[in-house]
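structure33.cif follows; it contains mmCIF, N, CA and C atoms.
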data_my_file
loop_
_atom_site.label_atom_id
_atom_site.label_comp_id
_atom_site.auth_asym_id
_atom_site.auth_seq_id
_atom_site.Cartn_x
_atom_site.Cartn_y
_atom_site.Cartn_z
N MET A 1263 98.47 95.25 110.34
CA MET A 1263 98.08 95.09 108.96
C MET A 1263 98.34 96.38 108.17
N LYS A 1264 98.05 97.51 108.80
CA LYS A 1264 98.25 98.80 108.15
C LYS A 1264 99.72 98.99 107.78
N GLU A 1265 100.62 98.57 108.68
CA GLU A 1265 102.05 98.72 108.43
C GLU A 1265 102.50 97.86 107.25
N LEU A 1266 101.93 96.66 107.15
CA LEU A 1266 102.26 95.77 106.04
C LEU A 1266 101.87 96.39 104.70
N ILE A 1267 100.68 96.94 104.64
CA ILE A 1267 100.21 97.58 103.41
C ILE A 1267 101.08 98.79 103.07
N LEU A 1268 101.45 99.57 104.09
CA LEU A 1268 102.30 100.74 103.87
C LEU A 1268 103.66 100.33 103.30
N VAL A 1269 104.27 99.31 103.86
CA VAL A 1269 105.59 98.87 103.39
C VAL A 1269 105.52 98.42 101.94
N ILE A 1270 104.51 97.63 101.61
CA ILE A 1270 104.37 97.14 100.23
C ILE A 1270 104.13 98.30 99.27
N ALA A 1271 103.21 99.19 99.62
CA ALA A 1271 102.84 100.29 98.72
C ALA A 1271 104.00 101.27 98.54
N LYS A 1272 104.70 101.60 99.61
CA LYS A 1272 105.80 102.56 99.51
C LYS A 1272 106.94 102.01 98.67
N ALA A 1273 107.12 100.70 98.65
CA ALA A 1273 108.17 100.09 97.84
C ALA A 1273 107.85 100.15 96.34
N LEU A 1274 106.58 100.29 96.00
CA LEU A 1274 106.17 100.24 94.60
C LEU A 1274 106.08 101.60 93.92
N VAL A 1275 105.87 102.67 94.68
CA VAL A 1275 105.53 103.97 94.09
C VAL A 1275 106.75 104.89 93.99
N ASP A 1276 106.59 105.96 93.19
CA ASP A 1276 107.62 106.98 93.05
C ASP A 1276 107.48 108.07 94.11
N HIS A 1277 106.29 108.22 94.69
CA HIS A 1277 106.01 109.24 95.69
C HIS A 1277 105.59 108.57 97.00
N PRO A 1278 106.54 107.96 97.73
CA PRO A 1278 106.16 107.22 98.94
C PRO A 1278 105.63 108.09 100.07
N ASP A 1279 105.95 109.39 100.02
CA ASP A 1279 105.46 110.29 101.07
C ASP A 1279 103.97 110.57 100.94
N GLN A 1280 103.37 110.25 99.80
CA GLN A 1280 101.95 110.53 99.61
C GLN A 1280 101.07 109.29 99.70
N VAL A 1281 101.63 108.20 100.24
CA VAL A 1281 100.86 106.99 100.45
C VAL A 1281 100.09 107.14 101.76
N GLN A 1282 98.78 106.97 101.70
CA GLN A 1282 97.93 107.10 102.89
C GLN A 1282 96.97 105.93 102.97
N ILE A 1283 96.68 105.52 104.22
CA ILE A 1283 95.74 104.44 104.43
C ILE A 1283 94.71 104.88 105.46
N ASN A 1284 93.44 104.75 105.10
CA ASN A 1284 92.34 104.99 106.03
C ASN A 1284 91.75 103.65 106.41
N VAL A 1285 91.52 103.47 107.70
CA VAL A 1285 90.99 102.20 108.20
C VAL A 1285 89.55 102.40 108.63
N LYS A 1286 88.66 101.53 108.15
CA LYS A 1286 87.25 101.58 108.52
C LYS A 1286 86.80 100.19 108.93
N ASP A 1287 86.05 100.11 110.00
CA ASP A 1287 85.44 98.84 110.40
C ASP A 1287 84.01 98.82 109.89
N ASP A 1288 83.67 97.76 109.23
CA ASP A 1288 82.37 97.62 108.59
C ASP A 1288 81.78 96.27 109.01
N ASP A 1289 80.54 96.04 108.65
CA ASP A 1289 79.95 94.74 108.95
C ASP A 1289 80.59 93.63 108.12
N ARG A 1290 81.24 93.99 107.01
CA ARG A 1290 81.95 93.01 106.18
C ARG A 1290 83.31 92.65 106.76
N GLY A 1291 83.88 93.51 107.58
CA GLY A 1291 85.21 93.30 108.15
C GLY A 1291 85.94 94.63 108.24
N THR A 1292 87.24 94.57 108.22
CA THR A 1292 88.07 95.78 108.27
C THR A 1292 88.45 96.17 106.86
N ILE A 1293 88.20 97.43 106.53
CA ILE A 1293 88.48 97.94 105.18
C ILE A 1293 89.66 98.90 105.26
N TYR A 1294 90.68 98.63 104.46
CA TYR A 1294 91.84 99.50 104.36
C TYR A 1294 91.76 100.21 103.02
N GLU A 1295 91.59 101.53 103.05
CA GLU A 1295 91.50 102.32 101.82
C GLU A 1295 92.87 102.92 101.54
N LEU A 1296 93.49 102.45 100.48
CA LEU A 1296 94.83 102.88 100.09
C LEU A 1296 94.72 103.98 99.05
N SER A 1297 95.34 105.11 99.34
CA SER A 1297 95.36 106.20 98.35
C SER A 1297 96.81 106.61 98.11
N VAL A 1298 97.13 106.84 96.85
CA VAL A 1298 98.49 107.20 96.44
C VAL A 1298 98.42 108.39 95.50
N HIS A 1299 99.58 108.91 95.14
CA HIS A 1299 99.69 110.00 94.17
C HIS A 1299 99.06 109.54 92.85
N PRO A 1300 98.37 110.43 92.14
CA PRO A 1300 97.69 110.02 90.90
C PRO A 1300 98.61 109.37 89.86
N GLU A 1301 99.88 109.75 89.84
CA GLU A 1301 100.81 109.16 88.88
C GLU A 1301 101.17 107.71 89.25
N ASP A 1302 100.94 107.34 90.50
CA ASP A 1302 101.34 106.02 90.98
C ASP A 1302 100.21 104.99 90.99
N ILE A 1303 99.02 105.37 90.57
CA ILE A 1303 97.89 104.43 90.58
C ILE A 1303 98.20 103.20 89.73
N GLY A 1304 98.77 103.41 88.57
CA GLY A 1304 99.09 102.30 87.68
C GLY A 1304 100.11 101.35 88.27
N LYS A 1305 101.03 101.88 89.06
CA LYS A 1305 102.06 101.03 89.67
C LYS A 1305 101.48 100.19 90.78
N ILE A 1306 100.48 100.70 91.48
CA ILE A 1306 99.84 99.94 92.55
C ILE A 1306 98.92 98.86 91.96
N ILE A 1307 98.22 99.20 90.89
CA ILE A 1307 97.29 98.24 90.29
C ILE A 1307 98.05 97.20 89.46
N GLY A 1308 99.00 97.62 88.66
CA GLY A 1308 99.77 96.70 87.84
C GLY A 1308 99.04 96.30 86.58
N LYS A 1309 99.72 95.56 85.74
CA LYS A 1309 99.10 95.10 84.49
C LYS A 1309 98.02 94.09 84.80
N GLN A 1310 96.84 94.38 84.32
CA GLN A 1310 95.65 93.54 84.51
C GLN A 1310 95.36 93.29 86.00
N GLY A 1311 95.81 94.20 86.86
CA GLY A 1311 95.51 94.11 88.28
C GLY A 1311 96.32 93.08 89.04
N ARG A 1312 97.43 92.65 88.48
CA ARG A 1312 98.21 91.59 89.11
C ARG A 1312 98.84 92.03 90.43
N ILE A 1313 99.38 93.23 90.48
CA ILE A 1313 100.03 93.70 91.72
C ILE A 1313 98.99 93.91 92.81
N ALA A 1314 97.85 94.50 92.46
CA ALA A 1314 96.79 94.70 93.45
C ALA A 1314 96.29 93.36 93.98
N LYS A 1315 96.13 92.40 93.11
CA LYS A 1315 95.68 91.07 93.52
C LYS A 1315 96.70 90.41 94.44
N ALA A 1316 97.97 90.53 94.10
CA ALA A 1316 99.03 89.95 94.93
C ALA A 1316 99.07 90.61 96.31
N MET A 1317 98.91 91.94 96.34
CA MET A 1317 98.91 92.65 97.62
C MET A 1317 97.73 92.20 98.47
N ARG A 1318 96.57 92.06 97.86
CA ARG A 1318 95.39 91.60 98.60
C ARG A 1318 95.58 90.17 99.12
N THR A 1319 96.24 89.33 98.34
CA THR A 1319 96.51 87.96 98.77
C THR A 1319 97.43 87.92 99.98
N VAL A 1320 98.48 88.73 99.96
CA VAL A 1320 99.42 88.78 101.09
C VAL A 1320 98.73 89.27 102.34
N VAL A 1321 97.94 90.33 102.22
CA VAL A 1321 97.25 90.90 103.38
C VAL A 1321 96.21 89.93 103.92
N THR A 1322 95.49 89.25 103.03
CA THR A 1322 94.50 88.27 103.46
C THR A 1322 95.18 87.11 104.20
N SER A 1323 96.31 86.66 103.69
CA SER A 1323 97.03 85.57 104.33
C SER A 1323 97.56 85.99 105.70
N ALA A 1324 98.01 87.23 105.82
CA ALA A 1324 98.52 87.71 107.10
C ALA A 1324 97.40 87.91 108.12
N SER A 1325 96.18 88.07 107.67
CA SER A 1325 95.07 88.34 108.59
C SER A 1325 94.36 87.07 109.04
N VAL A 1326 94.83 85.90 108.64
CA VAL A 1326 94.17 84.65 108.99
C VAL A 1326 94.13 84.45 110.50
N LYS A 1327 95.19 84.83 111.20
CA LYS A 1327 95.23 84.65 112.65
C LYS A 1327 94.21 85.51 113.38
N SER A 1328 93.89 86.67 112.84
CA SER A 1328 92.97 87.58 113.52
C SER A 1328 91.50 87.16 113.35
N GLN A 1329 91.23 86.21 112.47
CA GLN A 1329 89.88 85.70 112.24
C GLN A 1329 88.91 86.78 111.76
N LYS A 1330 89.43 87.87 111.20
CA LYS A 1330 88.60 88.94 110.65
C LYS A 1330 88.83 89.02 109.15
N ARG A 1331 87.81 89.39 108.43
CA ARG A 1331 87.94 89.59 107.01
C ARG A 1331 88.59 90.95 106.76
N VAL A 1332 89.55 90.99 105.87
CA VAL A 1332 90.28 92.22 105.55
C VAL A 1332 90.09 92.53 104.08
N ILE A 1333 89.73 93.78 103.80
CA ILE A 1333 89.48 94.23 102.43
C ILE A 1333 90.44 95.39 102.14
N VAL A 1334 91.15 95.34 101.01
CA VAL A 1334 92.03 96.42 100.60
C VAL A 1334 91.40 97.08 99.39
N ASP A 1335 91.03 98.35 99.53
CA ASP A 1335 90.46 99.12 98.42
C ASP A 1335 91.50 100.14 97.97
N ILE A 1336 91.67 100.28 96.68
CA ILE A 1336 92.59 101.26 96.13
C ILE A 1336 91.74 102.44 95.66
N MET A 1337 91.96 103.58 96.29
CA MET A 1337 91.19 104.78 95.99
C MET A 1337 91.92 105.62 94.94
N SER A 1338 91.18 106.16 93.99
CA SER A 1338 91.81 107.02 92.98
C SER A 1338 91.64 108.48 93.32
#
Written form, structure tokens:
Amino acid sequence: MKELILVIAKALVDHPDQVQINVKDDDRGTIYELSVHPEDIGKIIGKQGRIAKAMRTVVTSASVKSQKRVIVDIMS
């Protein structure tokens, strides 16, 4: 799952070398905290959050087989 998020995020930003993901297991499920260069926050979120929502949808769909809830948080 981490690799999927990395591929999507690196394709969207201008500074792909500064894309980082921290993984945390919580009682809610697995949380992936995505952090990018400050100039790239808008590119990850998109207009009205459309890109972030689409990324979360893809990751959620890919995690159906694992039977775990997956949460993608975008850190500023």
Residues flagged strand (DSSP E) by DSSP in region 1280-1334 of chain A, as a PyMOL selection string: chain A and resi 1282-1288+1291-1297+1332-1334
Just the selected residues (N, CA and C atoms), exported as a compact mmCIF listing (two decimals), in the coordinates of the input, please.
# COMPACT_ATOMS: atom_id res chain seq x y z
N GLN A 1282 98.78 106.97 101.70
CA GLN A 1282 97.93 107.10 102.89
C GLN A 1282 96.97 105.93 102.97
N ILE A 1283 96.68 105.52 104.22
CA ILE A 1283 95.74 104.44 104.43
C ILE A 1283 94.71 104.88 105.46
N ASN A 1284 93.44 104.75 105.10
CA ASN A 1284 92.34 104.99 106.03
C ASN A 1284 91.75 103.65 106.41
N VAL A 1285 91.52 103.47 107.70
CA VAL A 1285 90.99 102.20 108.20
C VAL A 1285 89.55 102.40 108.63
N LYS A 1286 88.66 101.53 108.15
CA LYS A 1286 87.25 101.58 108.52
C LYS A 1286 86.80 100.19 108.93
N ASP A 1287 86.05 100.11 110.00
CA ASP A 1287 85.44 98.84 110.40
C ASP A 1287 84.01 98.82 109.89
N ASP A 1288 83.67 97.76 109.23
CA ASP A 1288 82.37 97.62 108.59
C ASP A 1288 81.78 96.27 109.01
N GLY A 1291 83.88 93.51 107.58
CA GLY A 1291 85.21 93.30 108.15
C GLY A 1291 85.94 94.63 108.24
N THR A 1292 87.24 94.57 108.22
CA THR A 1292 88.07 95.78 108.27
C THR A 1292 88.45 96.17 106.86
N ILE A 1293 88.20 97.43 106.53
CA ILE A 1293 88.48 97.94 105.18
C ILE A 1293 89.66 98.90 105.26
N TYR A 1294 90.68 98.63 104.46
CA TYR A 1294 91.84 99.50 104.36
C TYR A 1294 91.76 100.21 103.02
N GLU A 1295 91.59 101.53 103.05
CA GLU A 1295 91.50 102.32 101.82
C GLU A 1295 92.87 102.92 101.54
N LEU A 1296 93.49 102.45 100.48
CA LEU A 1296 94.83 102.88 100.09
C LEU A 1296 94.72 103.98 99.05
N SER A 1297 95.34 105.11 99.34
CA SER A 1297 95.36 106.20 98.35
C SER A 1297 96.81 106.61 98.11
N VAL A 1332 89.55 90.99 105.87
CA VAL A 1332 90.28 92.22 105.55
C VAL A 1332 90.09 92.53 104.08
N ILE A 1333 89.73 93.78 103.80
CA ILE A 1333 89.48 94.23 102.43
C ILE A 1333 90.44 95.39 102.14
N VAL A 1334 91.15 95.34 101.01
CA VAL A 1334 92.03 96.42 100.60
C VAL A 1334 91.40 97.08 99.39
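Among the candidates A:Val1285, A:Met1317, A:Ile1293, A:Ile1303, the residue lying nearest to Val1269 (chain A) is A:Met1317 (atoms considered: only C-alpha atoms).
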DSSP helix (DSSP H, G or I) selection over chain A, as a PyMOL selection string: chain A and resi 1264-1274+1278-1280+1300-1307+1309-1324+1326-1328
Selection dump of the PyMOL selection byres ((chain A and resi 1298) around 6.5), as a ChimeraX atom specification: /A:1280-1282,1296-1297,1299-1303,1337
Could you turn the residues from that selection into a file that holds N, CA and C atoms, as a PDB file, keeping the file's coordinate frame?
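And here's result22.pdb as it stands now:
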ATOM      1  N   GLN A1280     103.370 110.250  99.800  1.00  0.00           N
ATOM      2  CA  GLN A1280     101.950 110.530  99.610  1.00  0.00           C
ATOM      3  C   GLN A1280     101.070 109.290  99.700  1.00  0.00           C
ATOM      4  N   VAL A1281     101.630 108.200 100.240  1.00  0.00           N
ATOM      5  CA  VAL A1281     100.860 106.990 100.450  1.00  0.00           C
ATOM      6  C   VAL A1281     100.090 107.140 101.760  1.00  0.00           C
ATOM      7  N   GLN A1282      98.780 106.970 101.700  1.00  0.00           N
ATOM      8  CA  GLN A1282      97.930 107.100 102.890  1.00  0.00           C
ATOM      9  C   GLN A1282      96.970 105.930 102.970  1.00  0.00           C
ATOM     10  N   LEU A1296      93.490 102.450 100.480  1.00  0.00           N
ATOM     11  CA  LEU A1296      94.830 102.880 100.090  1.00  0.00           C
ATOM     12  C   LEU A1296      94.720 103.980  99.050  1.00  0.00           C
ATOM     13  N   SER A1297      95.340 105.110  99.340  1.00  0.00           N
ATOM     14  CA  SER A1297      95.360 106.200  98.350  1.00  0.00           C
ATOM     15  C   SER A1297      96.810 106.610  98.110  1.00  0.00           C
ATOM     16  N   HIS A1299      99.580 108.910  95.140  1.00  0.00           N
ATOM     17  CA  HIS A1299      99.690 110.000  94.170  1.00  0.00           C
ATOM     18  C   HIS A1299      99.060 109.540  92.850  1.00  0.00           C
ATOM     19  N   PRO A1300      98.370 110.430  92.140  1.00  0.00           N
ATOM     20  CA  PRO A1300      97.690 110.020  90.900  1.00  0.00           C
ATOM     21  C   PRO A1300      98.610 109.370  89.860  1.00  0.00           C
ATOM     22  N   GLU A1301      99.880 109.750  89.840  1.00  0.00           N
ATOM     23  CA  GLU A1301     100.810 109.160  88.880  1.00  0.00           C
ATOM     24  C   GLU A1301     101.170 107.710  89.250  1.00  0.00           C
ATOM     25  N   ASP A1302     100.940 107.340  90.500  1.00  0.00           N
ATOM     26  CA  ASP A1302     101.340 106.020  90.980  1.00  0.00           C
ATOM     27  C   ASP A1302     100.210 104.990  90.990  1.00  0.00           C
ATOM     28  N   ILE A1303      99.020 105.370  90.570  1.00  0.00           N
ATOM     29  CA  ILE A1303      97.890 104.430  90.580  1.00  0.00           C
ATOM     30  C   ILE A1303      98.200 103.200  89.730  1.00  0.00           C
ATOM     31  N   MET A1337      91.960 103.580  96.290  1.00  0.00           N
ATOM     32  CA  MET A1337      91.190 104.780  95.990  1.00  0.00           C
ATOM     33  C   MET A1337      91.920 105.620  94.940  1.00  0.00           C
TER      34      MET A1337
END
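For the pair CA of Val1326 (chain A) and atom N of Ile1270 (chain A), the interatomic distance is 18.2 Å.
When CA of Asp1279 (chain A) is paired with CA of Ser1338 (chain A), their separation reads 16.2 Å.
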Output of the PyMOL selection byres (((chain A and resi 1267 and name CA) around 9) and name CA), listed as an MDAnalysis selection string: chainID A and resid 1263:1266 1268:1272 1283 1294 1296 1317 1321 1334
Output, as JSON, the centre and edge lengths in Å (one decimal) of the axis-aligned box that contains all listed atoms of region 1327-1330 of chain A with 4 Å of margin on each side.
{"center_x": 91.9, "center_y": 86.8, "center_z": 111.3, "size_x": 14.6, "size_y": 12.4, "size_z": 12.4}
Care to translate the PyMOL selection byres ((chain A and resi 1291) around 6.5) into actual residues of this file, as a PDB file with N, CA and C atoms, in the frame of the given file?
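What ended up in expr.pdb:
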ATOM      1  N   LYS A1286      88.660 101.530 108.150  1.00  0.00           N
ATOM      2  CA  LYS A1286      87.250 101.580 108.520  1.00  0.00           C
ATOM      3  C   LYS A1286      86.800 100.190 108.930  1.00  0.00           C
ATOM      4  N   ASP A1287      86.050 100.110 110.000  1.00  0.00           N
ATOM      5  CA  ASP A1287      85.440  98.840 110.400  1.00  0.00           C
ATOM      6  C   ASP A1287      84.010  98.820 109.890  1.00  0.00           C
ATOM      7  N   ASP A1288      83.670  97.760 109.230  1.00  0.00           N
ATOM      8  CA  ASP A1288      82.370  97.620 108.590  1.00  0.00           C
ATOM      9  C   ASP A1288      81.780  96.270 109.010  1.00  0.00           C
ATOM     10  N   ASP A1289      80.540  96.040 108.650  1.00  0.00           N
ATOM     11  CA  ASP A1289      79.950  94.740 108.950  1.00  0.00           C
ATOM     12  C   ASP A1289      80.590  93.630 108.120  1.00  0.00           C
ATOM     13  N   ARG A1290      81.240  93.990 107.010  1.00  0.00           N
ATOM     14  CA  ARG A1290      81.950  93.010 106.180  1.00  0.00           C
ATOM     15  C   ARG A1290      83.310  92.650 106.760  1.00  0.00           C
ATOM     16  N   THR A1292      87.240  94.570 108.220  1.00  0.00           N
ATOM     17  CA  THR A1292      88.070  95.780 108.270  1.00  0.00           C
ATOM     18  C   THR A1292      88.450  96.170 106.860  1.00  0.00           C
ATOM     19  N   ILE A1293      88.200  97.430 106.530  1.00  0.00           N
ATOM     20  CA  ILE A1293      88.480  97.940 105.180  1.00  0.00           C
ATOM     21  C   ILE A1293      89.660  98.900 105.260  1.00  0.00           C
ATOM     22  N   LYS A1330      89.430  87.870 111.200  1.00  0.00           N
ATOM     23  CA  LYS A1330      88.600  88.940 110.650  1.00  0.00           C
ATOM     24  C   LYS A1330      88.830  89.020 109.150  1.00  0.00           C
ATOM     25  N   ARG A1331      87.810  89.390 108.430  1.00  0.00           N
ATOM     26  CA  ARG A1331      87.940  89.590 107.010  1.00  0.00           C
ATOM     27  C   ARG A1331      88.590  90.950 106.760  1.00  0.00           C
ATOM     28  N   VAL A1332      89.550  90.990 105.870  1.00  0.00           N
ATOM     29  CA  VAL A1332      90.280  92.220 105.550  1.00  0.00           C
ATOM     30  C   VAL A1332      90.090  92.530 104.080  1.00  0.00           C
ATOM     31  N   ILE A1333      89.730  93.780 103.800  1.00  0.00           N
ATOM     32  CA  ILE A1333      89.480  94.230 102.430  1.00  0.00           C
ATOM     33  C   ILE A1333      90.440  95.390 102.140  1.00  0.00           C
TER      34      ILE A1333
END
